[in-house]
$ cat input_22.txt   # compact mmCIF, C-alpha atoms
# COMPACT_ATOMS: atom_id res chain seq x y z
CA MET N 607 81.60 70.00 116.91
CA GLY N 608 79.57 70.92 119.99
CA LEU N 609 79.23 74.28 121.66
CA ILE N 610 82.02 73.52 124.15
CA GLY N 611 84.30 72.46 121.35
CA ARG N 612 83.55 75.63 119.41
CA ALA N 613 84.20 77.74 122.50
CA ALA N 614 87.57 76.05 122.83
CA LEU N 615 88.25 76.75 119.15
CA VAL N 616 87.45 80.42 119.70
CA MET N 617 89.90 80.61 122.58
CA LEU N 618 92.55 78.83 120.53
CA LEU N 619 92.08 81.20 117.63
CA MET N 620 92.19 84.19 119.94
CA ALA N 621 95.51 83.04 121.35
CA SER N 622 97.13 82.47 117.95
CA PRO N 623 100.38 84.39 117.46
CA ASN N 624 99.98 84.42 113.69
CA LEU N 625 97.56 87.25 112.96
CA TRP N 626 96.47 88.85 109.63
CA ALA N 627 91.53 92.39 107.70
CA TRP N 628 89.84 91.68 111.08
CA GLY N 629 92.90 89.50 110.20
CA GLN N 630 92.67 85.76 109.76
CA THR N 631 92.22 85.22 113.48
CA GLY N 632 89.49 87.81 113.90
CA HIS N 633 87.43 86.47 111.01
CA ARG N 634 87.75 82.89 112.20
CA VAL N 635 86.60 83.90 115.67
CA THR N 636 83.43 85.42 114.18
CA GLY N 637 82.75 82.30 112.10
CA ALA N 638 83.32 79.97 115.04
CA LEU N 639 81.00 82.04 117.23
CA ALA N 640 78.28 82.09 114.57
CA GLU N 641 78.07 78.41 113.68
CA PRO N 642 76.43 76.99 116.84
CA LEU N 643 73.84 79.78 116.73
CA LEU N 644 72.47 78.84 113.30
CA SER N 645 68.88 77.67 112.99
CA ALA N 646 68.24 74.14 111.74
CA GLU N 647 67.42 75.55 108.29
CA ALA N 648 70.56 77.68 108.16
CA GLN N 649 72.65 74.74 109.35
CA HIS N 650 71.21 72.67 106.52
CA LEU N 651 72.05 75.42 104.04
CA VAL N 652 75.61 75.79 105.29
CA ARG N 653 76.33 72.06 105.39
CA GLY N 654 74.73 71.54 101.99
CA LEU N 655 76.99 74.16 100.47
CA LEU N 656 80.21 73.77 102.45
CA GLY N 657 80.18 70.14 103.54
CA PRO N 658 82.80 69.65 106.28
CA GLU N 659 84.19 73.17 105.83
CA SER N 660 83.36 75.25 108.93
CA LEU N 661 82.21 78.86 108.92
CA ALA N 662 85.49 79.69 110.64
CA GLU N 663 87.38 78.28 107.66
CA ALA N 664 85.00 79.88 105.16
CA SER N 665 85.31 83.30 106.80
CA THR N 666 88.86 83.95 105.53
CA TRP N 667 88.37 82.78 101.94
CA ALA N 668 87.64 86.29 100.61
CA ASP N 669 90.98 87.57 101.88
CA GLU N 670 92.83 84.50 100.63
CA MET N 671 91.37 85.04 97.14
CA ARG N 672 92.74 88.60 97.01
CA SER N 673 96.01 87.01 95.89
CA ALA N 674 94.33 85.22 92.96
CA PRO N 675 95.17 86.54 89.49
CA GLY N 676 92.59 88.22 87.29
CA PRO N 677 90.74 91.54 87.37
CA PHE N 678 87.86 90.36 89.58
CA TRP N 679 89.92 89.59 92.68
CA GLN N 680 92.67 92.08 91.95
CA LYS N 681 90.41 95.07 91.29
CA THR N 682 86.64 94.57 91.12
CA ALA N 683 86.08 92.98 94.53
CA ASN N 684 88.60 95.07 96.48
CA PRO N 685 86.15 97.89 97.42
CA TRP N 686 83.61 95.40 98.77
CA HIS N 687 85.47 94.85 102.06
CA TYR N 688 84.56 98.26 103.49
CA VAL N 689 82.30 101.29 103.35
CA THR N 690 83.11 105.00 103.47
CA VAL N 691 81.10 107.17 105.86
CA PRO N 692 82.54 110.68 106.33
CA LYS N 693 82.40 112.12 109.81
CA GLY N 694 79.00 113.66 110.52
CA GLN N 695 77.16 111.49 107.98
CA ASP N 696 75.42 108.14 108.11
CA TYR N 697 75.52 105.48 105.42
CA ASP N 698 72.35 106.62 103.66
CA GLU N 699 73.75 110.14 103.39
CA ALA N 700 77.14 108.94 102.14
CA GLY N 701 75.78 106.28 99.78
CA ALA N 702 77.68 103.61 97.90
CA PRO N 703 80.28 104.51 95.27
CA PRO N 704 79.79 103.41 91.63
CA GLU N 705 82.08 100.42 92.17
CA GLY N 706 79.99 99.22 95.11
CA ASP N 707 80.94 98.49 98.71
CA ALA N 708 80.30 95.93 101.45
CA VAL N 709 76.59 96.79 101.68
CA THR N 710 75.88 96.41 97.96
CA ALA N 711 78.00 93.24 97.86
CA LEU N 712 76.01 91.72 100.75
CA ALA N 713 72.75 92.35 98.91
CA ARG N 714 74.13 90.86 95.68
CA TYR N 715 75.45 87.70 97.30
CA ARG N 716 72.44 87.18 99.54
CA ALA N 717 70.32 86.94 96.39
CA ARG N 718 72.72 84.40 94.93
CA LEU N 719 72.87 82.38 98.14
CA LEU N 720 69.10 82.01 98.22
CA ASN N 721 68.72 81.06 94.55
CA PRO N 722 68.70 77.24 94.41
CA THR N 723 68.84 77.26 90.61
CA LEU N 724 72.41 78.59 90.61
CA ALA N 725 75.45 76.34 90.42
CA LEU N 726 76.88 74.98 93.67
CA GLU N 727 80.14 76.90 93.34
CA VAL N 728 78.26 80.18 92.83
CA ARG N 729 76.29 79.70 96.06
CA GLN N 730 79.40 78.53 97.92
CA GLU N 731 81.17 81.73 96.91
CA ALA N 732 78.15 83.76 98.02
CA LEU N 733 78.10 82.18 101.49
CA ARG N 734 81.83 82.62 102.03
CA LEU N 735 81.68 86.26 100.98
CA ILE N 736 78.64 87.01 103.16
CA VAL N 737 80.36 85.63 106.25
CA HIS N 738 83.48 87.66 105.47
CA TYR N 739 81.78 90.95 104.67
CA ILE N 740 79.65 90.85 107.82
CA GLY N 741 82.87 90.45 109.79
CA ASP N 742 84.47 93.34 107.92
CA LEU N 743 81.60 95.69 108.71
CA HIS N 744 82.16 95.13 112.43
CA GLN N 745 85.79 96.26 112.28
CA PRO N 746 85.36 99.99 113.04
CA LEU N 747 88.03 101.10 110.58
CA HIS N 748 86.29 99.25 107.73
CA ALA N 749 83.71 102.05 108.05
CA GLY N 750 86.33 104.55 106.96
CA ASN N 751 86.07 108.32 107.05
CA GLY N 752 87.32 108.75 103.48
CA THR N 753 90.52 110.59 104.42
CA ASP N 754 93.10 107.96 105.40
CA ARG N 755 92.04 104.64 103.85
CA GLY N 756 90.43 103.41 107.07
CA GLY N 757 93.44 104.24 109.22
CA ASN N 758 95.95 102.61 106.84
CA ASP N 759 97.53 106.05 106.30
CA PHE N 760 97.58 106.83 110.04
CA PRO N 761 101.03 105.65 111.17
CA VAL N 762 101.59 104.58 114.76
CA ARG N 763 104.18 102.69 116.76
CA TYR N 764 102.55 99.72 118.49
CA PHE N 765 104.81 98.60 121.37
CA GLY N 766 107.67 100.31 119.56
CA LYS N 767 107.02 98.69 116.17
CA SER N 768 106.06 100.80 113.17
CA THR N 769 102.59 99.97 111.84
CA ASN N 770 99.30 101.76 111.17
CA LEU N 771 96.04 102.16 113.07
CA HIS N 772 94.07 99.90 110.69
CA ARG N 773 96.46 97.01 111.23
CA VAL N 774 96.36 97.48 114.99
CA TRP N 775 92.58 96.95 114.89
CA ASP N 776 92.64 94.27 112.20
CA SER N 777 94.93 91.97 114.09
CA SER N 778 97.43 93.27 116.63
CA MET N 779 94.98 93.88 119.47
CA ILE N 780 93.09 90.59 119.00
CA ASP N 781 95.73 88.35 120.57
CA GLY N 782 94.50 87.05 123.91
CA GLU N 783 91.13 88.85 124.06
CA ARG N 784 87.85 87.28 125.30
CA LEU N 785 84.33 88.05 124.19
CA LYS N 786 80.94 88.73 125.87
CA ALA N 787 78.00 90.49 124.19
CA ARG N 788 74.85 89.85 122.13
CA TYR N 789 73.45 91.84 119.23
CA ALA N 790 70.29 91.13 117.27
CA SER N 791 70.24 93.58 114.34
CA ILE N 792 70.63 92.11 110.86
CA ASP N 793 70.59 95.48 109.08
CA PRO N 794 74.08 96.30 107.73
CA LYS N 795 73.35 100.00 108.12
CA ASP N 796 73.03 99.48 111.89
CA TRP N 797 76.41 97.75 111.98
CA ILE N 798 77.97 100.55 109.95
CA GLY N 799 76.49 103.18 112.25
CA GLU N 800 78.03 101.43 115.25
CA SER N 801 81.42 101.10 113.57
CA ALA N 802 81.47 104.69 112.33
CA ALA N 803 80.46 106.00 115.76
CA LEU N 804 83.29 104.03 117.35
CA ARG N 805 85.84 104.75 114.63
CA ASP N 806 86.51 108.38 115.52
CA GLN N 807 87.28 107.39 119.14
CA LEU N 808 90.07 105.06 118.03
CA TYR N 809 92.48 107.68 116.72
CA PRO N 810 95.11 108.42 119.40
CA ASP N 811 96.53 111.84 120.17
CA GLY N 812 100.06 110.62 119.48
CA ASP N 813 101.62 107.83 117.44
CA ARG N 814 102.90 105.52 120.21
CA LEU N 815 100.51 102.76 121.20
CA SER N 816 101.04 100.31 124.05
CA TYR N 817 99.19 98.76 127.01
CA ASP N 818 97.24 101.90 127.80
CA TYR N 819 95.72 101.91 124.29
CA ILE N 820 94.72 98.24 124.63
CA PHE N 821 93.20 98.85 128.06
CA GLN N 822 91.22 101.82 126.75
CA HIS N 823 89.73 99.94 123.79
CA LYS N 824 89.69 96.24 124.75
CA ASP N 825 85.99 96.22 125.57
CA ALA N 826 85.17 97.70 122.16
CA LEU N 827 87.31 95.05 120.47
CA ARG N 828 85.54 92.23 122.30
CA THR N 829 82.15 93.71 121.58
CA ARG N 830 82.72 94.08 117.85
CA LEU N 831 84.00 90.52 117.44
CA MET N 832 81.13 89.02 119.40
CA ALA N 833 78.61 91.19 117.59
CA ALA N 834 79.97 90.03 114.24
CA GLY N 835 79.61 86.38 115.23
CA TRP N 836 76.04 86.85 116.38
CA ARG N 837 75.13 88.85 113.28
CA ILE N 838 76.54 86.25 110.88
CA SER N 839 74.23 83.65 112.41
CA ALA N 840 71.27 86.05 112.64
CA TYR N 841 71.74 87.15 109.03
CA LEU N 842 71.82 83.59 107.71
CA ASN N 843 68.90 82.53 109.94
CA ALA N 844 66.79 85.44 108.70
CA ALA N 845 67.72 84.70 105.11
CA CYS N 846 66.48 81.12 105.49
CA GLU N 847 63.25 82.32 107.12
CA ALA N 848 62.68 84.66 104.17
CA ALA N 849 63.42 81.98 101.57
CA PRO N 850 62.72 78.59 103.18
CA GLY N 851 62.74 76.84 99.86
CA ALA N 852 66.42 77.64 99.45
CA CYS N 853 67.37 76.16 102.83
CA ALA N 854 64.94 73.35 103.64
CA PRO N 855 66.14 69.73 103.49
$ encode --input "input_22.txt" --output "structure tokens"
Amino acid sequence: MGLIGRAALVMLLMASPNLWAWGQTGHRVTGALAEPLLSAEAQHLVRGLLGPESLAEASTWADEMRSAPGPFWQKTANPWHYVTVPKGQDYDEAGAPPEGDAVTALARYRARLLNPTLALEVRQEALRLIVHYIGDLHQPLHAGNGTDRGGNDFPVRYFGKSTNLHRVWDSSMIDGERLKARYASIDPKDWIGESAALRDQLYPDGDRLSYDYIFQHKDALRTRLMAAGWRISAYLNAACEAAPGACAP
């Protein structure tokens, strides 16, 4: 699929009425944006592992697997979709909990992705999780403050419907948005710092959200989605530069 086709896919995904953490639509937007920006080496790596499966499709696998039985998906991997950064701290000051978080998971799965001696399914899982976790770290409420489960315990009424602030940012506000920005950093701590800095601005004074809330924050929403797409590609490109033997044809 060419760049024009992928741009059309992004617009189609953005207009989808069926939205899910970012939500299914948000994650697929980031994957679709990332794929045409991959280096030749990263493209080879992705195609060798995923075959015809696109990064847009791969980006939602981690959420889909949360319904799978067994302790790994039901418990172990749950904390790896987010980080906790209390107000007034950065990630280094807060640190990762004993069970790990999105930053420690990224490091773990990057090592597996770049290890050509591992089984195909192990490296496939690593790639799908990397794409997903990078997307998660660009959703501001996935850099939670540690007091309300990333806005899940902050109830609001969005256009009169009862929901919570996390869900508004995961999916509700994505419908119909367009994107325009570029970001180069591949350091997850930079992404977390951006999300945490934005997070505290997202909490409204009251609990009723409507067009004025969307208008106030639509640019931030666009920016975070576009940044996530660029960072997925930049992260995979840099990984292949660091370990060319794992990516070369």
$ residues_around --input "input_22.txt" --residues "stretch 656-668 of chain N" --least-positions-apart "4" --cutoff "9 Å" --atoms "only C-alpha atoms" --output "list of chain:residue names"
N:Gly629, N:Gln630, N:Thr631, N:His633, N:Arg634, N:Val635, N:Thr636, N:Gly637, N:Ala638, N:Leu639, N:Ala640, N:Glu641, N:Leu651, N:Val652, N:Arg672, N:Trp679, N:His687, N:Gln730, N:Glu731, N:Leu733, N:Arg734, N:Leu735, N:Ile736, N:Val737, N:His738, N:Tyr739, N:Gly741
$ write_last_selection --input "input_22.txt" --atoms "C-alpha atoms" --output "compact mmCIF listing (two decimals), in the frame of the given file"
# COMPACT_ATOMS: atom_id res chain seq x y z
CA GLY N 629 92.90 89.50 110.20
CA GLN N 630 92.67 85.76 109.76
CA THR N 631 92.22 85.22 113.48
CA HIS N 633 87.43 86.47 111.01
CA ARG N 634 87.75 82.89 112.20
CA VAL N 635 86.60 83.90 115.67
CA THR N 636 83.43 85.42 114.18
CA GLY N 637 82.75 82.30 112.10
CA ALA N 638 83.32 79.97 115.04
CA LEU N 639 81.00 82.04 117.23
CA ALA N 640 78.28 82.09 114.57
CA GLU N 641 78.07 78.41 113.68
CA LEU N 651 72.05 75.42 104.04
CA VAL N 652 75.61 75.79 105.29
CA ARG N 672 92.74 88.60 97.01
CA TRP N 679 89.92 89.59 92.68
CA HIS N 687 85.47 94.85 102.06
CA GLN N 730 79.40 78.53 97.92
CA GLU N 731 81.17 81.73 96.91
CA LEU N 733 78.10 82.18 101.49
CA ARG N 734 81.83 82.62 102.03
CA LEU N 735 81.68 86.26 100.98
CA ILE N 736 78.64 87.01 103.16
CA VAL N 737 80.36 85.63 106.25
CA HIS N 738 83.48 87.66 105.47
CA TYR N 739 81.78 90.95 104.67
CA GLY N 741 82.87 90.45 109.79
$ closest_residue --input "input_22.txt" --among "N:Ile798, N:Leu643, N:Leu743, N:Leu808" --to "N:Ala840" --atoms "all atoms listed in the file"
N:Leu643
$ residues_near_point --input "input_22.txt" --point "(80.7, 98.6, 110.8)" --cutoff "10 Å" --atoms "only C-alpha atoms" --output "PyMOL selection string"
chain N and resi 688-689+691+708+739-750+794-805+830+834
$ atom_distance --input "input_22.txt" --atom1 "atom CA of N:Asp806" --atom2 "atom CA of N:Ser839"
27.8 Å
$ atom_distance --input "input_22.txt" --atom1 "atom CA of N:Leu719" --atom2 "atom CA of N:Ala852"
8.1 Å
$ closest_residue --input "input_22.txt" --among "N:Phe760, N:Phe765, N:Ser673, N:Pro850" --to "N:Ile820" --atoms "only C-alpha atoms"
N:Phe765
$ atom_distance --input "input_22.txt" --atom1 "atom CA of N:Arg828" --atom2 "atom CA of N:Gln807"
15.6 Å
$ residues_around --input "input_22.txt" --residues "N:Arg718" --least-positions-apart "4" --cutoff "10 Å" --atoms "only C-alpha atoms" --output "PyMOL selection string"
chain N and resi 712-714+722-725+728-733
$ write_last_selection --input "input_22.txt" --atoms "C-alpha atoms" --output "PDB file, in the frame of the given file"
ATOM      1  CA  LEU N 712      76.010  91.720 100.750  1.00  0.00           C
ATOM      2  CA  ALA N 713      72.750  92.350  98.910  1.00  0.00           C
ATOM      3  CA  ARG N 714      74.130  90.860  95.680  1.00  0.00           C
ATOM      4  CA  PRO N 722      68.700  77.240  94.410  1.00  0.00           C
ATOM      5  CA  THR N 723      68.840  77.260  90.610  1.00  0.00           C
ATOM      6  CA  LEU N 724      72.410  78.590  90.610  1.00  0.00           C
ATOM      7  CA  ALA N 725      75.450  76.340  90.420  1.00  0.00           C
ATOM      8  CA  VAL N 728      78.260  80.180  92.830  1.00  0.00           C
ATOM      9  CA  ARG N 729      76.290  79.700  96.060  1.00  0.00           C
ATOM     10  CA  GLN N 730      79.400  78.530  97.920  1.00  0.00           C
ATOM     11  CA  GLU N 731      81.170  81.730  96.910  1.00  0.00           C
ATOM     12  CA  ALA N 732      78.150  83.760  98.020  1.00  0.00           C
ATOM     13  CA  LEU N 733      78.100  82.180 101.490  1.00  0.00           C
TER      14      LEU N 733
END
$ residues_around --input "input_22.txt" --residues "N:His772" --least-positions-apart "3" --cutoff "8 Å" --atoms "all atoms listed in the file" --output "list of chain:residue names"
N:Leu747, N:Gly756, N:Gly757, N:Asn758, N:Phe760, N:Trp775, N:Asp776
$ axis_aligned_box --input "input_22.txt" --around "stretch 644-661 of chain N" --padding-each-side "8 Å" --output "lines of an AutoDock Vina configuration file"
center_x = 75.8
center_y = 74.3
center_z = 106.9
size_x = 32.8
size_y = 25.2
size_z = 28.8
$ decode --input "input_22.txt" --residues "stretch 613-727 of chain N" --atoms "C-alpha atoms" --output "PDB file, in the first residue's frame"
ATOM      1  CA  ALA N 613      -3.303   8.311   4.235  1.00  0.00           C
ATOM      2  CA  ALA N 614      -6.745   7.228   3.073  1.00  0.00           C
ATOM      3  CA  LEU N 615      -6.664   4.378   5.584  1.00  0.00           C
ATOM      4  CA  VAL N 616      -5.832   6.831   8.358  1.00  0.00           C
ATOM      5  CA  MET N 617      -8.789   9.013   7.431  1.00  0.00           C
ATOM      6  CA  LEU N 618     -11.065   5.981   7.269  1.00  0.00           C
ATOM      7  CA  LEU N 619      -9.935   4.804  10.675  1.00  0.00           C
ATOM      8  CA  MET N 620     -10.370   8.268  12.119  1.00  0.00           C
ATOM      9  CA  ALA N 621     -13.944   8.389  10.886  1.00  0.00           C
ATOM     10  CA  SER N 622     -14.895   4.980  12.286  1.00  0.00           C
ATOM     11  CA  PRO N 623     -17.907   5.074  14.616  1.00  0.00           C
ATOM     12  CA  ASN N 624     -16.776   1.953  16.454  1.00  0.00           C
ATOM     13  CA  LEU N 625     -14.144   3.131  18.921  1.00  0.00           C
ATOM     14  CA  TRP N 626     -12.365   1.288  21.792  1.00  0.00           C
ATOM     15  CA  ALA N 627      -6.995   2.175  25.117  1.00  0.00           C
ATOM     16  CA  TRP N 628      -6.030   4.932  22.612  1.00  0.00           C
ATOM     17  CA  GLY N 629      -8.951   2.622  21.584  1.00  0.00           C
ATOM     18  CA  GLN N 630      -8.790   0.375  18.563  1.00  0.00           C
ATOM     19  CA  THR N 631      -9.102   3.317  16.202  1.00  0.00           C
ATOM     20  CA  GLY N 632      -6.396   5.392  17.842  1.00  0.00           C
ATOM     21  CA  HIS N 633      -3.870   2.558  17.850  1.00  0.00           C
ATOM     22  CA  ARG N 634      -4.565   1.696  14.225  1.00  0.00           C
ATOM     23  CA  VAL N 635      -4.076   5.311  13.223  1.00  0.00           C
ATOM     24  CA  THR N 636      -0.608   5.296  14.834  1.00  0.00           C
ATOM     25  CA  GLY N 637       0.327   2.037  13.093  1.00  0.00           C
ATOM     26  CA  ALA N 638      -0.898   3.254   9.712  1.00  0.00           C
ATOM     27  CA  LEU N 639       1.038   6.502  10.100  1.00  0.00           C
ATOM     28  CA  ALA N 640       4.221   4.676  11.092  1.00  0.00           C
ATOM     29  CA  GLU N 641       4.442   2.072   8.342  1.00  0.00           C
ATOM     30  CA  PRO N 642       5.379   4.266   5.336  1.00  0.00           C
ATOM     31  CA  LEU N 643       8.054   5.972   7.440  1.00  0.00           C
ATOM     32  CA  LEU N 644      10.026   2.791   8.141  1.00  0.00           C
ATOM     33  CA  SER N 645      13.552   2.451   6.804  1.00  0.00           C
ATOM     34  CA  ALA N 646      14.267  -0.321   4.303  1.00  0.00           C
ATOM     35  CA  GLU N 647      15.807  -2.401   7.109  1.00  0.00           C
ATOM     36  CA  ALA N 648      12.844  -1.881   9.427  1.00  0.00           C
ATOM     37  CA  GLN N 649      10.440  -2.686   6.597  1.00  0.00           C
ATOM     38  CA  HIS N 650      12.310  -5.934   6.023  1.00  0.00           C
ATOM     39  CA  LEU N 651      12.089  -6.750   9.727  1.00  0.00           C
ATOM     40  CA  VAL N 652       8.369  -6.014   9.908  1.00  0.00           C
ATOM     41  CA  ARG N 653       7.490  -7.940   6.749  1.00  0.00           C
ATOM     42  CA  GLY N 654       9.696 -10.855   7.765  1.00  0.00           C
ATOM     43  CA  LEU N 655       7.881 -11.136  11.075  1.00  0.00           C
ATOM     44  CA  LEU N 656       4.328 -10.126  10.195  1.00  0.00           C
ATOM     45  CA  GLY N 657       3.990 -11.056   6.538  1.00  0.00           C
ATOM     46  CA  PRO N 658       0.869  -9.363   5.118  1.00  0.00           C
ATOM     47  CA  GLU N 659      -0.252  -8.147   8.542  1.00  0.00           C
ATOM     48  CA  SER N 660       0.043  -4.342   8.692  1.00  0.00           C
ATOM     49  CA  LEU N 661       1.325  -2.341  11.640  1.00  0.00           C
ATOM     50  CA  ALA N 662      -2.188  -0.933  11.948  1.00  0.00           C
ATOM     51  CA  GLU N 663      -3.522  -4.456  12.463  1.00  0.00           C
ATOM     52  CA  ALA N 664      -0.630  -5.410  14.752  1.00  0.00           C
ATOM     53  CA  SER N 665      -1.113  -2.317  16.918  1.00  0.00           C
ATOM     54  CA  THR N 666      -4.313  -3.576  18.586  1.00  0.00           C
ATOM     55  CA  TRP N 667      -3.187  -7.146  19.292  1.00  0.00           C
ATOM     56  CA  ALA N 668      -2.066  -6.378  22.862  1.00  0.00           C
ATOM     57  CA  ASP N 669      -5.535  -5.136  23.784  1.00  0.00           C
ATOM     58  CA  GLU N 670      -7.232  -8.032  22.017  1.00  0.00           C
ATOM     59  CA  MET N 671      -5.102 -10.496  24.006  1.00  0.00           C
ATOM     60  CA  ARG N 672      -6.272  -8.991  27.309  1.00  0.00           C
ATOM     61  CA  SER N 673      -9.319 -11.231  26.941  1.00  0.00           C
ATOM     62  CA  ALA N 674      -7.181 -14.376  26.628  1.00  0.00           C
ATOM     63  CA  PRO N 675      -7.273 -16.770  29.592  1.00  0.00           C
ATOM     64  CA  GLY N 676      -4.253 -17.395  31.772  1.00  0.00           C
ATOM     65  CA  PRO N 677      -2.315 -15.363  34.327  1.00  0.00           C
ATOM     66  CA  PHE N 678       0.031 -13.674  31.839  1.00  0.00           C
ATOM     67  CA  TRP N 679      -2.625 -11.741  29.921  1.00  0.00           C
ATOM     68  CA  GLN N 680      -5.072 -11.486  32.794  1.00  0.00           C
ATOM     69  CA  LYS N 681      -2.596 -10.191  35.378  1.00  0.00           C
ATOM     70  CA  THR N 682       1.112 -10.041  34.532  1.00  0.00           C
ATOM     71  CA  ALA N 683       0.926  -7.885  31.405  1.00  0.00           C
ATOM     72  CA  ASN N 684      -1.832  -5.531  32.577  1.00  0.00           C
ATOM     73  CA  PRO N 685       0.503  -2.933  34.201  1.00  0.00           C
ATOM     74  CA  TRP N 686       2.625  -2.695  31.050  1.00  0.00           C
ATOM     75  CA  HIS N 687       0.144  -0.457  29.206  1.00  0.00           C
ATOM     76  CA  TYR N 688       0.900   2.627  31.295  1.00  0.00           C
ATOM     77  CA  VAL N 689       3.275   4.391  33.662  1.00  0.00           C
ATOM     78  CA  THR N 690       2.616   6.263  36.896  1.00  0.00           C
ATOM     79  CA  VAL N 691       4.208   9.693  37.313  1.00  0.00           C
ATOM     80  CA  PRO N 692       2.853  11.669  40.291  1.00  0.00           C
ATOM     81  CA  LYS N 693       2.373  15.379  39.785  1.00  0.00           C
ATOM     82  CA  GLY N 694       5.636  17.265  40.297  1.00  0.00           C
ATOM     83  CA  GLN N 695       7.838  14.268  39.441  1.00  0.00           C
ATOM     84  CA  ASP N 696       9.382  12.921  36.262  1.00  0.00           C
ATOM     85  CA  TYR N 697       9.688   9.272  35.322  1.00  0.00           C
ATOM     86  CA  ASP N 698      13.187   8.820  36.751  1.00  0.00           C
ATOM     87  CA  GLU N 699      12.020  10.185  40.096  1.00  0.00           C
ATOM     88  CA  ALA N 700       8.890   8.018  40.140  1.00  0.00           C
ATOM     89  CA  GLY N 701      10.571   4.859  38.840  1.00  0.00           C
ATOM     90  CA  ALA N 702       8.956   1.629  37.726  1.00  0.00           C
ATOM     91  CA  PRO N 703       6.958  -0.521  40.158  1.00  0.00           C
ATOM     92  CA  PRO N 704       8.098  -4.091  40.938  1.00  0.00           C
ATOM     93  CA  GLU N 705       5.617  -5.497  38.419  1.00  0.00           C
ATOM     94  CA  GLY N 706       7.048  -3.312  35.650  1.00  0.00           C
ATOM     95  CA  ASP N 707       5.387  -0.775  33.374  1.00  0.00           C
ATOM     96  CA  ALA N 708       5.372   0.329  29.737  1.00  0.00           C
ATOM     97  CA  VAL N 709       9.005   1.503  29.853  1.00  0.00           C
ATOM     98  CA  THR N 710      10.400  -1.739  31.269  1.00  0.00           C
ATOM     99  CA  ALA N 711       8.211  -3.746  28.887  1.00  0.00           C
ATOM    100  CA  LEU N 712       9.538  -1.790  25.887  1.00  0.00           C
ATOM    101  CA  ALA N 713      13.117  -2.552  26.892  1.00  0.00           C
ATOM    102  CA  ARG N 714      12.325  -6.249  27.396  1.00  0.00           C
ATOM    103  CA  TYR N 715      10.583  -6.679  24.065  1.00  0.00           C
ATOM    104  CA  ARG N 716      13.073  -4.609  22.106  1.00  0.00           C
ATOM    105  CA  ALA N 717      15.760  -7.094  23.166  1.00  0.00           C
ATOM    106  CA  ARG N 718      13.583  -9.982  22.027  1.00  0.00           C
ATOM    107  CA  LEU N 719      12.720  -8.308  18.730  1.00  0.00           C
ATOM    108  CA  LEU N 720      16.392  -7.882  17.865  1.00  0.00           C
ATOM    109  CA  ASN N 721      17.431 -11.419  18.814  1.00  0.00           C
ATOM    110  CA  PRO N 722      17.315 -13.485  15.593  1.00  0.00           C
ATOM    111  CA  THR N 723      17.923 -16.717  17.511  1.00  0.00           C
ATOM    112  CA  LEU N 724      14.480 -16.555  19.132  1.00  0.00           C
ATOM    113  CA  ALA N 725      11.441 -18.309  17.704  1.00  0.00           C
ATOM    114  CA  LEU N 726       9.344 -16.460  15.125  1.00  0.00           C
ATOM    115  CA  GLU N 727       6.302 -16.238  17.379  1.00  0.00           C
TER     116      GLU N 727
END
